[in-house]
Amino acid sequence: MVDKVLVGSRISALRKELGYSQAAFAEKLNVSPQAVSKWETGLALPDIEVLLNISWICKMSVNAILEGEDFINPPNGLDRGMAYISKYLVCPHCHKALAINSPKKQEKLSFSCEDGHKYDVIDGVIHFGSREIEGEYWSLWLRNYKHYLEEQRHPGNQRYWQGSPHYREVMWQHMKKLRPRIIVDMACGTGSGIKYMIERIDWPVTVIMADLSHRILKWNRVFFSDEWKNPYVDMVYMACDCAALPLADNCVDVVFSNGGFESMRVKMMEGFAEGYRVLKNSAHAVYNISAVEDHQSDNTKKWVELYTSLDPSCHSEKDKMHDISQWIDKCKPIGYEKNEATFIYGELPAPVGDVFPFDNEALQWMAEYVVVSQKLVASV
């Protein structure tokens with residue numbers, strides 16, 4: 001028989017170890033402070049769903065909470081998120097399953113396949129040997145971690161906060177409805193988009209941040225561990241090519257992109273198709289996309305003329321100048337038969353002169369949409 005008093009004392013100890021008051025702990029669990037008080041004084045036990053959430057955020061097994069058994073840590077020193085997704089990792093070269101290598105002496109924790117391809121975990125990031133695009137080492141504009149933190153705390157370009165609601169809120173509403181268990185953030189950069197989601201998530205989830213830049217990912221790991229931690233969220237960091245994700249087919253609940261697909265430039269459509277591959281059947285891609293409003297309007301024609309006259313190193317290819325209906329048409333051959341687009345804001349007025357006005361964030365003149373694309377599998 002479960003001893004309610006002992007269970008309550010364990011819950012109290014776990015809460016205090018995390019630094020939560022009873023009220024704060026109750027808010028995390030979406031229960032009343034009175035409920036937490038009753039558990040901790042042995043007057044009641046949490047419902048099973050709440051108990052599972054306590055288990056998750058406290059990193060303690062249900063048996064350990066109820067019966068006092070020791071909690072078994074993930075093997076080989078892995079954190080829980082990396083241990084959880086390790087069963088889905090595949091070699092990006094030969095596509096065979098990766099296994100965890102226990103580190104010996106001064107060796108690094110690593111993963112390898114049966115063909116001998118090996119990938120070290122460096123600074124908490126699984127490094128699949130990716131390199132930033134030659135001639136465009138975007139991460140170098142952040143000089144050091146202090147500069148990285150300044151950018152994380154900056155509100156960013158106000159253009160992207162337009163719309164009522166703005167696009168991040170629209171994406172969050174979709175995410176909250178889907179309540180995914182595994183999210184992969186494609187070409188995540190500094191994580192400005194997933195940051196908005198992490199702050200609000202109140203269910204157990206593993207977020208995989210994937211990007212070419214190991215340098216940025218190691219700083220993401222520090223930031224999301226120290227300054228933006230959510231006990232419901234386990235974070236995993238993979239330095240890899242998002243056009244060749246080291247993930248098995250059909251293993252992810254949501255593919256998320258906050259400008260990530262567009263940042264992949266010439267590999268944009270490859271990355272979009274790769275997201276489709278790793279999604280589970282009936283799962284969703286949730287992303288924002290820039291589009292022209294009307295190819296026949298003078299405003300659009302002027303913008304396209306100015307934009308495509310730039311040096312090719314400054315912009316994407318001309319075939320990315322799609323309107324939203326053309327974009328939806330591009331989704332369907334990949335397999336996204338069901339696509340829902342939400343208009344956020346329209347194009348900026350075109351400049352009077354013949355000079356393109358932006359030195360960076362070159363797509364900010366375009367209209368913005370949030371799109372949810374569902375992977376549907378035809379019935380046999």
# chains A, B, ... in the order shown; residues from 1 in each chain; ligands from 1
>>> residues_around(residues="A:Pro165", least_positions_apart="4", cutoff="12 Å", atoms="only C-alpha atoms", output="PyMOL selection string")
chain A and resi 160-161+169-173+342-345+369-370
>>> write_last_selection(atoms="N, CA and C atoms", output="PDB file, in the first residue's frame")
ATOM      1  N   TYR A 160       9.276  41.948 -37.751  1.00  0.00           N
ATOM      2  CA  TYR A 160       8.818  40.580 -37.540  1.00  0.00           C
ATOM      3  C   TYR A 160       7.810  40.447 -36.396  1.00  0.00           C
ATOM      4  N   TRP A 161       7.582  41.536 -35.679  1.00  0.00           N
ATOM      5  CA  TRP A 161       6.587  41.510 -34.614  1.00  0.00           C
ATOM      6  C   TRP A 161       5.261  42.113 -35.071  1.00  0.00           C
ATOM      7  N   GLU A 169       3.155  33.932 -32.148  1.00  0.00           N
ATOM      8  CA  GLU A 169       1.971  33.552 -31.387  1.00  0.00           C
ATOM      9  C   GLU A 169       1.099  32.593 -32.188  1.00  0.00           C
ATOM     10  N   VAL A 170       0.976  32.840 -33.496  1.00  0.00           N
ATOM     11  CA  VAL A 170       0.196  31.928 -34.343  1.00  0.00           C
ATOM     12  C   VAL A 170       0.836  30.544 -34.358  1.00  0.00           C
ATOM     13  N   MET A 171       2.167  30.500 -34.468  1.00  0.00           N
ATOM     14  CA  MET A 171       2.866  29.216 -34.435  1.00  0.00           C
ATOM     15  C   MET A 171       2.658  28.525 -33.088  1.00  0.00           C
ATOM     16  N   TRP A 172       2.699  29.302 -32.009  1.00  0.00           N
ATOM     17  CA  TRP A 172       2.501  28.723 -30.687  1.00  0.00           C
ATOM     18  C   TRP A 172       1.116  28.114 -30.549  1.00  0.00           C
ATOM     19  N   GLN A 173       0.098  28.787 -31.058  1.00  0.00           N
ATOM     20  CA  GLN A 173      -1.256  28.249 -30.948  1.00  0.00           C
ATOM     21  C   GLN A 173      -1.367  26.895 -31.638  1.00  0.00           C
ATOM     22  N   THR A 342      -1.749  30.908 -42.824  1.00  0.00           N
ATOM     23  CA  THR A 342      -2.326  32.049 -42.115  1.00  0.00           C
ATOM     24  C   THR A 342      -1.561  33.308 -42.486  1.00  0.00           C
ATOM     25  N   PHE A 343      -2.246  34.286 -43.035  1.00  0.00           N
ATOM     26  CA  PHE A 343      -1.626  35.560 -43.412  1.00  0.00           C
ATOM     27  C   PHE A 343      -1.303  36.360 -42.150  1.00  0.00           C
ATOM     28  N   ILE A 344      -0.060  36.876 -42.071  1.00  0.00           N
ATOM     29  CA  ILE A 344       0.371  37.641 -40.902  1.00  0.00           C
ATOM     30  C   ILE A 344       0.465  39.138 -41.224  1.00  0.00           C
ATOM     31  N   TYR A 345       1.217  39.488 -42.269  1.00  0.00           N
ATOM     32  CA  TYR A 345       1.308  40.887 -42.710  1.00  0.00           C
ATOM     33  C   TYR A 345       1.748  40.925 -44.167  1.00  0.00           C
ATOM     34  N   TYR A 369       3.662  34.606 -43.825  1.00  0.00           N
ATOM     35  CA  TYR A 369       2.607  33.635 -43.539  1.00  0.00           C
ATOM     36  C   TYR A 369       3.134  32.606 -42.550  1.00  0.00           C
ATOM     37  N   VAL A 370       2.241  32.037 -41.776  1.00  0.00           N
ATOM     38  CA  VAL A 370       2.530  30.824 -41.017  1.00  0.00           C
ATOM     39  C   VAL A 370       1.805  29.685 -41.714  1.00  0.00           C
TER      40      VAL A 370
END
>>> residues_around(residues="A:Lys118", least_positions_apart="2", cutoff="10 Å", atoms="only C-alpha atoms", output="count of residues only")
16
>>> closest_residue(among="A:Tyr237, A:Thr308, A:Asn339, A:Met366", to="A:Ser290", atoms="only C-alpha atoms")
A:Met366
>>> residues_around(residues="A:Val355", least_positions_apart="4", cutoff="10 Å", atoms="only C-alpha atoms", output="list in words")
Leu306, Tyr307, Ser309, Leu310 and Pro351 of chain A
>>> write_last_selection(atoms="N, CA and C atoms", output="compact mmCIF listing (two decimals), in the first residue's frame")
# COMPACT_ATOMS: atom_id res chain seq x y z
N LEU A 306 14.34 44.82 -57.81
CA LEU A 306 15.44 45.26 -56.97
C LEU A 306 16.14 44.08 -56.31
N TYR A 307 15.36 43.15 -55.81
CA TYR A 307 15.92 42.02 -55.07
C TYR A 307 16.74 41.10 -55.96
N SER A 309 18.21 41.79 -58.64
CA SER A 309 19.36 42.47 -59.26
C SER A 309 20.59 42.44 -58.35
N LEU A 310 20.39 42.02 -57.09
CA LEU A 310 21.52 41.93 -56.16
C LEU A 310 22.48 40.84 -56.60
N PRO A 351 10.57 50.99 -52.42
CA PRO A 351 11.25 52.29 -52.39
C PRO A 351 11.12 53.01 -53.72
>>> atom_distance(atom1="atom CA of A:Val236", atom2="atom CA of A:Glu49")
24.8 Å
>>> residues_around(residues="A:Pro231", least_positions_apart="3", cutoff="8 Å", atoms="only C-alpha atoms", output="ChimeraX atom specification")
/A:56-58,234
>>> write_last_selection(atoms="all heavy atoms", output="PDB file, in the first residue's frame")
ATOM      1  N   TRP A  56       8.331  13.734 -14.801  1.00  0.00           N
ATOM      2  CA  TRP A  56       9.105  14.291 -15.919  1.00  0.00           C
ATOM      3  C   TRP A  56       9.934  15.492 -15.476  1.00  0.00           C
ATOM      4  O   TRP A  56      11.141  15.556 -15.691  1.00  0.00           O
ATOM      5  CB  TRP A  56       8.162  14.678 -17.052  1.00  0.00           C
ATOM      6  CG  TRP A  56       8.904  15.241 -18.219  1.00  0.00           C
ATOM      7  CD1 TRP A  56       9.157  16.553 -18.475  1.00  0.00           C
ATOM      8  CD2 TRP A  56       9.523  14.508 -19.275  1.00  0.00           C
ATOM      9  NE1 TRP A  56       9.894  16.688 -19.623  1.00  0.00           N
ATOM     10  CE2 TRP A  56      10.138  15.442 -20.139  1.00  0.00           C
ATOM     11  CE3 TRP A  56       9.632  13.153 -19.582  1.00  0.00           C
ATOM     12  CZ2 TRP A  56      10.831  15.070 -21.285  1.00  0.00           C
ATOM     13  CZ3 TRP A  56      10.329  12.781 -20.725  1.00  0.00           C
ATOM     14  CH2 TRP A  56      10.900  13.725 -21.554  1.00  0.00           C
ATOM     15  N   ILE A  57       9.268  16.487 -14.850  1.00  0.00           N
ATOM     16  CA  ILE A  57       9.993  17.724 -14.550  1.00  0.00           C
ATOM     17  C   ILE A  57      10.998  17.547 -13.418  1.00  0.00           C
ATOM     18  O   ILE A  57      11.986  18.287 -13.352  1.00  0.00           O
ATOM     19  CB  ILE A  57       9.030  18.897 -14.253  1.00  0.00           C
ATOM     20  CG1 ILE A  57       8.262  18.700 -12.959  1.00  0.00           C
ATOM     21  CG2 ILE A  57       8.078  19.129 -15.398  1.00  0.00           C
ATOM     22  CD1 ILE A  57       7.412  19.888 -12.579  1.00  0.00           C
ATOM     23  N   CYS A  58      10.776  16.555 -12.573  1.00  0.00           N
ATOM     24  CA  CYS A  58      11.723  16.311 -11.483  1.00  0.00           C
ATOM     25  C   CYS A  58      12.783  15.277 -11.856  1.00  0.00           C
ATOM     26  O   CYS A  58      13.681  14.986 -11.055  1.00  0.00           O
ATOM     27  CB  CYS A  58      10.980  15.844 -10.234  1.00  0.00           C
ATOM     28  SG  CYS A  58       9.885  17.082  -9.522  1.00  0.00           S
ATOM     29  N   ASP A 234      13.282  18.818 -22.561  1.00  0.00           N
ATOM     30  CA  ASP A 234      14.643  18.316 -22.705  1.00  0.00           C
ATOM     31  C   ASP A 234      15.189  18.812 -24.043  1.00  0.00           C
ATOM     32  O   ASP A 234      14.512  18.722 -25.071  1.00  0.00           O
ATOM     33  CB  ASP A 234      14.669  16.783 -22.691  1.00  0.00           C
ATOM     34  CG  ASP A 234      14.486  16.220 -21.290  1.00  0.00           C
ATOM     35  OD1 ASP A 234      14.721  16.963 -20.324  1.00  0.00           O
ATOM     36  OD2 ASP A 234      14.101  15.044 -21.174  1.00  0.00           O
TER      37      ASP A 234
END
>>> atom_distance(atom1="atom CA of A:Ala283", atom2="atom CA of A:Leu178")
8.9 Å
>>> residues_around(residues="A:Val36", least_positions_apart="6", cutoff="9 Å", atoms="only C-alpha atoms", output="list in words")
Gly8, Ile11, Ser12, Gln22, Ala23, Phe25, Ala26 and Pro46 of chain A
>>> write_last_selection(atoms="all heavy atoms", output="PDB file, in the first residue's frame")
ATOM      1  N   GLY A   8       4.228  12.327  -0.042  1.00  0.00           N
ATOM      2  CA  GLY A   8       4.188  13.782   0.094  1.00  0.00           C
ATOM      3  C   GLY A   8       5.534  14.368   0.459  1.00  0.00           C
ATOM      4  O   GLY A   8       5.927  15.428  -0.053  1.00  0.00           O
ATOM      5  N   ILE A  11       7.663  14.425  -2.709  1.00  0.00           N
ATOM      6  CA  ILE A  11       7.252  15.503  -3.616  1.00  0.00           C
ATOM      7  C   ILE A  11       7.731  16.845  -3.079  1.00  0.00           C
ATOM      8  O   ILE A  11       8.239  17.695  -3.824  1.00  0.00           O
ATOM      9  CB  ILE A  11       5.723  15.498  -3.799  1.00  0.00           C
ATOM     10  CG1 ILE A  11       5.284  14.246  -4.571  1.00  0.00           C
ATOM     11  CG2 ILE A  11       5.263  16.767  -4.529  1.00  0.00           C
ATOM     12  CD1 ILE A  11       3.782  14.085  -4.693  1.00  0.00           C
ATOM     13  N   SER A  12       7.610  17.049  -1.780  1.00  0.00           N
ATOM     14  CA  SER A  12       8.072  18.292  -1.157  1.00  0.00           C
ATOM     15  C   SER A  12       9.574  18.478  -1.365  1.00  0.00           C
ATOM     16  O   SER A  12      10.050  19.565  -1.722  1.00  0.00           O
ATOM     17  CB  SER A  12       7.746  18.289   0.337  1.00  0.00           C
ATOM     18  OG  SER A  12       8.243  19.445   0.962  1.00  0.00           O
ATOM     19  N   GLN A  22       5.359  26.359  -3.424  1.00  0.00           N
ATOM     20  CA  GLN A  22       4.193  25.523  -3.721  1.00  0.00           C
ATOM     21  C   GLN A  22       3.342  26.151  -4.822  1.00  0.00           C
ATOM     22  O   GLN A  22       2.825  25.449  -5.688  1.00  0.00           O
ATOM     23  CB  GLN A  22       3.352  25.318  -2.453  1.00  0.00           C
ATOM     24  CG  GLN A  22       3.949  24.339  -1.471  1.00  0.00           C
ATOM     25  CD  GLN A  22       2.996  23.986  -0.338  1.00  0.00           C
ATOM     26  OE1 GLN A  22       2.014  24.693  -0.084  1.00  0.00           O
ATOM     27  NE2 GLN A  22       3.282  22.895   0.359  1.00  0.00           N
ATOM     28  N   ALA A  23       3.219  27.470  -4.789  1.00  0.00           N
ATOM     29  CA  ALA A  23       2.409  28.158  -5.800  1.00  0.00           C
ATOM     30  C   ALA A  23       3.030  28.026  -7.184  1.00  0.00           C
ATOM     31  O   ALA A  23       2.336  27.772  -8.180  1.00  0.00           O
ATOM     32  CB  ALA A  23       2.239  29.629  -5.426  1.00  0.00           C
ATOM     33  N   PHE A  25       5.146  25.703  -8.211  1.00  0.00           N
ATOM     34  CA  PHE A  25       5.083  24.297  -8.604  1.00  0.00           C
ATOM     35  C   PHE A  25       3.678  23.963  -9.115  1.00  0.00           C
ATOM     36  O   PHE A  25       3.511  23.273 -10.130  1.00  0.00           O
ATOM     37  CB  PHE A  25       5.448  23.421  -7.413  1.00  0.00           C
ATOM     38  CG  PHE A  25       5.802  21.998  -7.752  1.00  0.00           C
ATOM     39  CD1 PHE A  25       6.737  21.715  -8.735  1.00  0.00           C
ATOM     40  CD2 PHE A  25       5.213  20.932  -7.073  1.00  0.00           C
ATOM     41  CE1 PHE A  25       7.085  20.401  -9.041  1.00  0.00           C
ATOM     42  CE2 PHE A  25       5.552  19.624  -7.365  1.00  0.00           C
ATOM     43  CZ  PHE A  25       6.489  19.360  -8.353  1.00  0.00           C
ATOM     44  N   ALA A  26       2.666  24.490  -8.421  1.00  0.00           N
ATOM     45  CA  ALA A  26       1.280  24.271  -8.838  1.00  0.00           C
ATOM     46  C   ALA A  26       1.024  24.853 -10.213  1.00  0.00           C
ATOM     47  O   ALA A  26       0.354  24.244 -11.055  1.00  0.00           O
ATOM     48  CB  ALA A  26       0.331  24.900  -7.813  1.00  0.00           C
ATOM     49  N   PRO A  46      -1.422  12.751  -6.074  1.00  0.00           N
ATOM     50  CA  PRO A  46      -1.687  13.357  -7.380  1.00  0.00           C
ATOM     51  C   PRO A  46      -2.401  12.370  -8.299  1.00  0.00           C
ATOM     52  O   PRO A  46      -2.199  11.152  -8.204  1.00  0.00           O
ATOM     53  CB  PRO A  46      -0.288  13.689  -7.920  1.00  0.00           C
ATOM     54  CG  PRO A  46       0.628  13.597  -6.749  1.00  0.00           C
ATOM     55  CD  PRO A  46       0.016  12.619  -5.809  1.00  0.00           C
TER      56      PRO A  46
END
>>> closest_residue(among="A:Met175, A:Val222, A:Ala35, A:Leu6", to="A:Val205", atoms="only C-alpha atoms")
A:Met175
>>> closest_residue(among="A:Val254, A:Met264, A:Ile198, A:Leu140", to="A:Arg181", atoms="only C-alpha atoms")
A:Val254
>>> closest_residue(among="A:Leu142, A:Ala285, A:Ile201, A:Ile85", to="A:Ile216", atoms="only C-alpha atoms")
A:Leu142
>>> select_by_dssp(residues="stretch 127-375 of chain A", states="helix (DSSP H, G or I)", output="PyMOL selection string")
chain A and resi 138-141+145-153+158-161+167-178+192-198+214-226+260-263+265-278+298-308+312-314+318-320+324-334+362-365
